[in-house]
Amino acid sequence: MRAAGIPTAEFGVFRDPGEAKCFVRARGGAWAVKADGLAAGKGVVLCPDPAHAEAAIAEVMERRAFGPAGEVCVVEEFLEGEEASLLAFVDGERAFLLPAAQDHKAVGEGDTGPNTGGMGAYSPAPVLTPALEETAMETVILPAVRAMAERGRRYQGILYAGLMVQGEDLKALEFNCRFGDPECQPLLMRMEEDLLPYLMGCATGNLGARPPRFDGNAAVCVVMAAGGYPGAYRKGDRIHGLDEAAAIEGVKVFHAGTALDKDGHPVTAGGRVLGVAARGEIIKQAIGRAYAACGRIHWEGAYYRLDIGAKALRRTGGRM
Ligand code: GLY
């Protein structure tokens, strides 16, 4: 990002925990300490001051809380604001944006508690205004695509930019080379045409001239998780009410950590068990439907946040 001139937080990359600790101590302020490797979306510790950051560096690098992912650690200036996810189909040169979405990464209501892979998402995300979306395209997505091509590594596929938005200011937090989960569910529920030609366009390096069409409605996905997630959780609990939930208008239940037991009955088999998604004319309706569906599904210890979409409602006064 630095090389491509993409706006992002101040950061350092370290193999030596002592150097990482000196870096935060010398600068002061709040930090995000990130395990550099893959950690199922959980490898980020937010630290209000250098003392917490030093403790987090020790956790990640010395005690290897996230395993080998903590061999290298990225220490990043803590950015204030609201996160949004902006995804694009990319064919190596061109990019077609999908509508903005917003994830809820923390396990608890009001964005409290440890980070997870994502506890719920909605689209559109009113925090990313059309003007900011254009800025993100010009300053984040296209520079990344060009930088990859210039290095002889044309990027073809879904490019996911995690953004931090504060007022009119926007910075890139991360890139993923995949759809987001659970952002994908509401986004694809809003897509008005077949996905395959766009994936083929990415794969063959020719997206064509026409961007994909998305409806003007809203969609929400509430993640139902096993009790204890993102810490230790049980598996093998029978899931009830799936058909009753799917019968609600606009609702689709996506399976994630599920399996069938020996009698062919769905059981829990992972931390994030189901993505309960719903469409609506406005976000308020989509939220109502998704939660009505969650209310029909149960297993022992099932957990879900009750405030998915609340930020969008606050921002729009429930009008969008
Ligand atoms: N929901 C965040 C991600 O897929 O990375």
# chains A, B, ... in the order shown; residues from 1 in each chain; ligands from 1
call {"tool": "residues_around", "arguments": {"residues": "Ala293 (chain A)", "least_positions_apart": "2", "cutoff": "8 Å", "atoms": "only C-alpha atoms", "output": "list in words"}}
result
Glu244, Ala245, Ala246, Ile248, Val251, Val276, Arg289, Ala290, Tyr291, Gly295, Arg296 and Ile297 of chain A
call {"tool": "write_last_selection", "arguments": {"atoms": "C-alpha atoms", "output": "compact mmCIF listing (two decimals), in the first residue's frame"}}
result
# COMPACT_ATOMS: atom_id res chain seq x y z
CA GLU A 244 -39.62 -22.53 9.55
CA ALA A 245 -37.00 -19.80 9.20
CA ALA A 246 -36.63 -20.24 5.44
CA ILE A 248 -40.30 -16.22 6.00
CA VAL A 251 -35.16 -15.09 3.92
CA VAL A 276 -29.37 -16.03 8.32
CA ARG A 289 -37.04 -10.49 8.63
CA ALA A 290 -33.54 -11.77 9.45
CA TYR A 291 -34.20 -11.59 13.18
CA GLY A 295 -35.95 -16.49 16.34
CA ARG A 296 -37.25 -19.67 14.70
CA ILE A 297 -33.89 -21.43 14.72
call {"tool": "closest_atom_pairs", "arguments": {"of": "chain A", "to": "ligand 1", "cutoff": "6 Å", "atoms": "only C-alpha atoms and all ligand atoms", "output": "CSV"}}
result
residue,atom,partner,partner_atom_place_in_ligand_line,distance
A:Asp103,CA,ligand 1,1 (N),5.7
A:Gly117,CA,ligand 1,1 (N),5.5
A:Gly118,CA,ligand 1,1 (N),4.6
A:Gly180,CA,ligand 1,4 (O),3.2
A:Asp181,CA,ligand 1,4 (O),4.0
A:Pro182,CA,ligand 1,1 (N),5.3
A:Glu183,CA,ligand 1,1 (N),6.0
call {"tool": "residues_around", "arguments": {"residues": "Arg210 (chain A)", "least_positions_apart": "4", "cutoff": "12 Å", "atoms": "only C-alpha atoms", "output": "list in words"}}
result
Phe89, Arg94, Ala95, Phe96, Leu97, Glu193, Pro197, Tyr198, Gly201 and Asn206 of chain A
call {"tool": "select_by_dssp", "arguments": {"residues": "region 28-203 of chain A", "states": "strand (DSSP E)", "output": "short mmCIF file (atom, residue, chain, number, x, y, z; two decimals) with C-alpha atoms, in the first residue's frame"}}
result
data_model
loop_
_atom_site.label_atom_id
_atom_site.label_comp_id
_atom_site.auth_asym_id
_atom_site.auth_seq_id
_atom_site.Cartn_x
_atom_site.Cartn_y
_atom_site.Cartn_z
CA TRP A 31 -2.30 0.61 18.21
CA ALA A 32 -3.66 -2.39 16.39
CA VAL A 33 -1.36 -5.39 16.79
CA LYS A 34 -1.81 -7.90 13.99
CA ALA A 35 -0.49 -11.40 13.49
CA VAL A 44 -5.96 -8.47 15.54
CA VAL A 45 -5.68 -6.99 19.04
CA LEU A 46 -6.79 -3.38 19.54
CA CYS A 47 -4.69 -1.62 22.17
CA CYS A 73 3.74 -8.96 13.45
CA VAL A 74 2.28 -5.81 11.90
CA VAL A 75 1.92 -2.96 14.35
CA GLU A 76 -0.45 -0.35 13.02
CA GLU A 77 -1.67 3.07 14.16
CA GLU A 82 -16.45 3.15 10.99
CA GLU A 83 -15.39 0.15 8.92
CA ALA A 84 -16.84 -0.69 5.53
CA SER A 85 -16.12 -3.43 3.02
CA LEU A 86 -15.85 -2.61 -0.66
CA LEU A 87 -15.50 -5.50 -3.09
CA ALA A 88 -14.76 -5.47 -6.79
CA PHE A 89 -14.62 -7.91 -9.68
CA VAL A 90 -11.16 -7.42 -11.19
CA ASP A 91 -9.87 -8.75 -14.51
CA ALA A 95 -12.62 -3.25 -11.76
CA PHE A 96 -16.39 -3.35 -11.29
CA LEU A 97 -17.49 -2.40 -7.80
CA GLN A 102 -20.58 -3.38 6.43
CA ASP A 103 -19.43 -6.27 8.61
CA ALA A 106 -16.57 -8.01 17.26
CA VAL A 107 -18.45 -10.81 18.99
CA GLY A 108 -20.52 -8.57 21.28
CA THR A 112 -17.43 -5.15 22.15
CA GLY A 113 -15.36 -8.23 22.93
CA PRO A 114 -12.86 -10.10 20.78
CA ASN A 115 -12.86 -10.03 17.01
CA GLY A 120 -23.25 -10.07 10.57
CA ALA A 121 -23.30 -7.76 7.58
CA TYR A 122 -25.60 -5.55 5.58
CA SER A 123 -25.67 -3.79 2.26
CA GLN A 156 -7.80 -11.42 -11.38
CA GLY A 157 -10.65 -12.23 -9.05
CA ILE A 158 -12.58 -10.63 -6.24
CA LEU A 159 -10.63 -7.86 -4.54
CA TYR A 160 -11.95 -7.01 -1.09
CA ALA A 161 -10.83 -3.73 0.46
CA GLY A 162 -11.46 -3.27 4.18
CA LEU A 163 -11.80 0.49 4.71
CA MET A 164 -11.92 2.80 7.70
CA VAL A 165 -14.15 5.81 7.15
CA GLN A 166 -14.07 8.92 9.29
CA ASP A 169 -11.52 10.66 5.17
CA LEU A 170 -10.93 7.10 4.10
CA LYS A 171 -8.03 4.70 4.66
CA ALA A 172 -7.44 1.10 3.62
CA LEU A 173 -7.11 -1.36 6.49
CA GLU A 174 -6.61 -4.58 4.58
CA PHE A 175 -7.15 -6.46 1.35
CA ASN A 176 -8.57 -9.94 0.96
#
call {"tool": "closest_residue", "arguments": {"among": "A:Arg153, A:Arg190, A:Arg238, A:His255", "to": "Leu98 (chain A)", "atoms": "only C-alpha atoms"}}
result
A:Arg190
call {"tool": "atom_distance", "arguments": {"atom1": "CA of Ile6 (chain A)", "atom2": "CA of Cys221 (chain A)"}}
result
29.9 Å
call {"tool": "closest_residue", "arguments": {"among": "A:Leu38, A:Lys21, A:Ala147, A:Gly29", "to": "Ala55 (chain A)", "atoms": "only C-alpha atoms"}}
result
A:Lys21
call {"tool": "atom_distance", "arguments": {"atom1": "CA of Arg151 (chain A)", "atom2": "CA of Cys202 (chain A)"}}
result
18.3 Å
